[in-house]
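A.B. asks: What follows is a single structure, and I will ask about it in a moment.
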Amino acid sequence: MVGLSKGQAVIVVNGGKPRLVREGETTPEGVKLLSADSAQAVIEANGVRRTLGLGQAVTGGGPAGDQASVTLISDSRGHFIASGQINGAPVQFVVDTGATLVTLPSREARRIGLYYRGGAQRYASTANGLVPIYLVKLDEVRVGGVLLRNVDAAVQEGDSLPVILLGMSFLNRVEMRQEGNTLTLKKRF
């Protein structure tokens with residue numbers, strides 16, 4: 001999924017050229033766009049429905065429940081952005097191999113209803129200096145078809161963190177393969 005807007009999406013199928021597809025249309029390869037908005041698209045391929053965010057891809061051919069990988073496409077700055085879920089709530093991640101833990105800004109933690117103030121408070125050294133964090137355990141973290149349970153995380157107080165970081169507490173549990181501007185995450189355990 002390389003482009004999204006209301007009622008249409010720009011998709012790449014099987015490594016081909018990007019193609020504009022409108023809701024209800026089916027590509028020659030059999031991928032049908034069911035719905036799209038600026039955040040995500042619902043497609044159907046081989047009788048299986050999948051919801052994809054910008055930069056996400058589907059690999060393999062098994063049913064959605066068996067799909068344990070996701071392919072991300074880097075943005076113009078080289079960052080890998082992924083739509084996903086934390087404890088069932090929709091979120092956007094930035095893949096960050098320099099982050100020890102999945103790290104949420106406190107405003108995002110509050111938005112998704114995560115009670116974090118009961119976690120152990122620590123201080124983390126960041127580019128903005130020492131910041132207070134709370135250590136928590138996330139019941140579920142999902143990126144594409146990769147679902148991990150009991151993921152260690154931190155909630156950072158204040159406004160200095162603009163995004164949710166998909167850190168090594170998630171990434172250590174998947175195989176990562178980068179080829180050019182794509183990054184494939186495959187569940188290991």
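Residue names in the structure tokens use chain letters A, B, ... in the order shown, residue numbers from 1 in each chain, and ligand numbers from 1 in the order shown.
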Excluding same-chain residues fewer than 2 positions from segment 36-41 of chain A, what lies within 6 Å of it counting only C-alpha atoms, as an NGL selection string?

C.D. replies: :A and (4-8 or 51-53)

A.B. asks: Please provide as a PyMOL selection string all residues within 10 Å of Ser83 of chain A, with the sequence filter that same-chain residues fewer than 3 positions apart are discarded (counting only C-alpha atoms).

C.D. replies: chain A and resi 39-40+51-56+72+90-94+142-144

A.B. asks: What's around segment 155-169 of chain A at 9 Å? Count only C-alpha atoms, leave out sequence neighbours fewer than 5 positions away in its own chain, and write the answer as a PyMOL selection string.

C.D. replies: chain A and resi 82+91-109+116-117+124+128+131-136

A.B. asks: Produce a file of the selected residues containing N, CA and C atoms, as a PDB file, in the first residue's frame.

C.D. replies:
ATOM      1  N   ALA A  82       4.320   1.988  10.429  1.00  0.00           N
ATOM      2  CA  ALA A  82       3.422   0.837  10.400  1.00  0.00           C
ATOM      3  C   ALA A  82       2.132   1.142  11.150  1.00  0.00           C
ATOM      4  N   VAL A  91      -3.160   2.173  16.250  1.00  0.00           N
ATOM      5  CA  VAL A  91      -2.045   3.095  16.474  1.00  0.00           C
ATOM      6  C   VAL A  91      -1.153   3.128  15.231  1.00  0.00           C
ATOM      7  N   GLN A  92      -0.254   4.086  15.199  1.00  0.00           N
ATOM      8  CA  GLN A  92       0.785   4.179  14.180  1.00  0.00           C
ATOM      9  C   GLN A  92       2.127   4.051  14.882  1.00  0.00           C
ATOM     10  N   PHE A  93       3.014   3.210  14.331  1.00  0.00           N
ATOM     11  CA  PHE A  93       4.345   3.001  14.887  1.00  0.00           C
ATOM     12  C   PHE A  93       5.400   3.554  13.930  1.00  0.00           C
ATOM     13  N   VAL A  94       6.550   3.910  14.484  1.00  0.00           N
ATOM     14  CA  VAL A  94       7.769   4.119  13.713  1.00  0.00           C
ATOM     15  C   VAL A  94       8.737   3.041  14.188  1.00  0.00           C
ATOM     16  N   VAL A  95       9.251   2.232  13.261  1.00  0.00           N
ATOM     17  CA  VAL A  95      10.202   1.187  13.617  1.00  0.00           C
ATOM     18  C   VAL A  95      11.482   1.871  14.088  1.00  0.00           C
ATOM     19  N   ASP A  96      11.954   1.499  15.295  1.00  0.00           N
ATOM     20  CA  ASP A  96      13.132   2.134  15.872  1.00  0.00           C
ATOM     21  C   ASP A  96      14.001   1.083  16.555  1.00  0.00           C
ATOM     22  N   THR A  97      15.036   0.621  15.849  1.00  0.00           N
ATOM     23  CA  THR A  97      15.932  -0.390  16.419  1.00  0.00           C
ATOM     24  C   THR A  97      16.806   0.194  17.527  1.00  0.00           C
ATOM     25  N   GLY A  98      16.826   1.503  17.676  1.00  0.00           N
ATOM     26  CA  GLY A  98      17.581   2.145  18.756  1.00  0.00           C
ATOM     27  C   GLY A  98      16.798   2.267  20.049  1.00  0.00           C
ATOM     28  N   ALA A  99      15.514   1.935  20.004  1.00  0.00           N
ATOM     29  CA  ALA A  99      14.675   1.991  21.206  1.00  0.00           C
ATOM     30  C   ALA A  99      14.649   0.614  21.858  1.00  0.00           C
ATOM     31  N   THR A 100      14.992   0.539  23.124  1.00  0.00           N
ATOM     32  CA  THR A 100      15.012  -0.739  23.833  1.00  0.00           C
ATOM     33  C   THR A 100      13.613  -1.337  23.935  1.00  0.00           C
ATOM     34  N   LEU A 101      12.622  -0.485  24.179  1.00  0.00           N
ATOM     35  CA  LEU A 101      11.254  -0.936  24.398  1.00  0.00           C
ATOM     36  C   LEU A 101      10.302  -0.293  23.402  1.00  0.00           C
ATOM     37  N   VAL A 102       9.137  -0.904  23.204  1.00  0.00           N
ATOM     38  CA  VAL A 102       8.039  -0.201  22.556  1.00  0.00           C
ATOM     39  C   VAL A 102       7.753   0.980  23.473  1.00  0.00           C
ATOM     40  N   THR A 103       7.746   2.188  22.925  1.00  0.00           N
ATOM     41  CA  THR A 103       7.627   3.385  23.756  1.00  0.00           C
ATOM     42  C   THR A 103       6.498   4.268  23.250  1.00  0.00           C
ATOM     43  N   LEU A 104       5.592   4.587  24.151  1.00  0.00           N
ATOM     44  CA  LEU A 104       4.429   5.404  23.824  1.00  0.00           C
ATOM     45  C   LEU A 104       4.523   6.756  24.508  1.00  0.00           C
ATOM     46  N   PRO A 105       4.128   7.824  23.830  1.00  0.00           N
ATOM     47  CA  PRO A 105       3.947   9.094  24.538  1.00  0.00           C
ATOM     48  C   PRO A 105       2.735   8.962  25.467  1.00  0.00           C
ATOM     49  N   SER A 106       2.748   9.667  26.576  1.00  0.00           N
ATOM     50  CA  SER A 106       1.664   9.541  27.559  1.00  0.00           C
ATOM     51  C   SER A 106       0.305   9.878  26.953  1.00  0.00           C
ATOM     52  N   ARG A 107       0.233  10.829  26.014  1.00  0.00           N
ATOM     53  CA  ARG A 107      -1.062  11.185  25.417  1.00  0.00           C
ATOM     54  C   ARG A 107      -1.633  10.004  24.627  1.00  0.00           C
ATOM     55  N   GLU A 108      -0.784   9.228  23.966  1.00  0.00           N
ATOM     56  CA  GLU A 108      -1.259   8.047  23.227  1.00  0.00           C
ATOM     57  C   GLU A 108      -1.693   6.953  24.194  1.00  0.00           C
ATOM     58  N   ALA A 109      -0.955   6.783  25.281  1.00  0.00           N
ATOM     59  CA  ALA A 109      -1.333   5.790  26.290  1.00  0.00           C
ATOM     60  C   ALA A 109      -2.716   6.114  26.851  1.00  0.00           C
ATOM     61  N   TYR A 116      -1.006   3.330  32.989  1.00  0.00           N
ATOM     62  CA  TYR A 116       0.446   3.183  33.068  1.00  0.00           C
ATOM     63  C   TYR A 116       1.053   3.705  34.362  1.00  0.00           C
ATOM     64  N   ARG A 117       0.342   4.537  35.061  1.00  0.00           N
ATOM     65  CA  ARG A 117       0.922   5.151  36.261  1.00  0.00           C
ATOM     66  C   ARG A 117       1.160   4.142  37.389  1.00  0.00           C
ATOM     67  N   ALA A 124      14.644   7.771  31.527  1.00  0.00           N
ATOM     68  CA  ALA A 124      15.323   7.313  30.314  1.00  0.00           C
ATOM     69  C   ALA A 124      16.127   8.463  29.738  1.00  0.00           C
ATOM     70  N   ASN A 128      16.460  14.417  24.139  1.00  0.00           N
ATOM     71  CA  ASN A 128      15.976  15.600  24.862  1.00  0.00           C
ATOM     72  C   ASN A 128      16.381  15.591  26.332  1.00  0.00           C
ATOM     73  N   VAL A 131      14.124  11.838  30.795  1.00  0.00           N
ATOM     74  CA  VAL A 131      12.669  12.001  30.838  1.00  0.00           C
ATOM     75  C   VAL A 131      12.070  10.885  31.694  1.00  0.00           C
ATOM     76  N   PRO A 132      10.987  11.200  32.427  1.00  0.00           N
ATOM     77  CA  PRO A 132      10.344  10.152  33.229  1.00  0.00           C
ATOM     78  C   PRO A 132       9.569   9.181  32.336  1.00  0.00           C
ATOM     79  N   ILE A 133       9.695   7.889  32.657  1.00  0.00           N
ATOM     80  CA  ILE A 133       8.940   6.848  31.953  1.00  0.00           C
ATOM     81  C   ILE A 133       8.316   5.920  32.987  1.00  0.00           C
ATOM     82  N   TYR A 134       7.286   5.215  32.557  1.00  0.00           N
ATOM     83  CA  TYR A 134       6.660   4.177  33.357  1.00  0.00           C
ATOM     84  C   TYR A 134       6.776   2.870  32.591  1.00  0.00           C
ATOM     85  N   LEU A 135       7.273   1.827  33.254  1.00  0.00           N
ATOM     86  CA  LEU A 135       7.401   0.515  32.627  1.00  0.00           C
ATOM     87  C   LEU A 135       6.082  -0.232  32.734  1.00  0.00           C
ATOM     88  N   VAL A 136       5.616  -0.769  31.608  1.00  0.00           N
ATOM     89  CA  VAL A 136       4.339  -1.488  31.564  1.00  0.00           C
ATOM     90  C   VAL A 136       4.503  -2.742  30.713  1.00  0.00           C
TER      91      VAL A 136
END

A.B. asks: Within 8 Å of Val174 of chain A, counting only C-alpha atoms, which residues show up once you throw out same-chain ones fewer than 5 positions away? Write them as a PyMOL selection string, please.

C.D. replies: chain A and resi 185-189

A.B. asks: Okay, now the selection with N, CA and C atoms, as a compact mmCIF listing (two decimals), in the first residue's frame?

C.D. replies:
# COMPACT_ATOMS: atom_id res chain seq x y z
N LEU A 185 8.92 -8.10 8.44
CA LEU A 185 8.92 -8.61 9.82
C LEU A 185 8.17 -9.92 9.81
N LYS A 186 8.80 -10.97 10.32
CA LYS A 186 8.17 -12.30 10.36
C LYS A 186 8.25 -12.83 11.79
N LYS A 187 7.13 -13.27 12.30
CA LYS A 187 7.05 -13.76 13.68
C LYS A 187 7.94 -14.98 13.86
N ARG A 188 8.75 -14.96 14.92
CA ARG A 188 9.63 -16.09 15.25
C ARG A 188 9.02 -16.98 16.30
N PHE A 189 8.52 -16.38 17.36
CA PHE A 189 7.94 -17.15 18.47
C PHE A 189 6.90 -16.34 19.17

A.B. asks: DSSP on the backbone: which residues in chain A end up as strand (DSSP E or B)? Give the answer as number ranges by chain.

C.D. replies: A: 3-5, 8-11, 19-22, 26, 32-36, 40-45, 48-53, 56-57, 69-74, 80-86, 89-95, 102-105, 120-126, 129-143, 146-156, 164-166, 174-179, 182-187

A.B. asks: For Leu114 of chain A, which residue out of A:Ser35, A:Asn87, A:Thr27, A:Thr126 is the nearest one, using only C-alpha atoms?

C.D. replies: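 Nearest to Leu114 of chain A: A:Asn87.
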
A.B. asks: Give me the residues near Gly88 of chain A as a list of chain:residue names, where near means some atom within 9 Å (using only C-alpha atoms) and where sequence neighbours in that chain fewer than 2 positions away do not count.

C.D. replies: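 Near Gly88 of chain A, the qualifying residues are A:Gly84, A:Gln85, A:Ile86, A:Pro90, A:Ile112, A:Glu140, A:Val141, A:Arg142.
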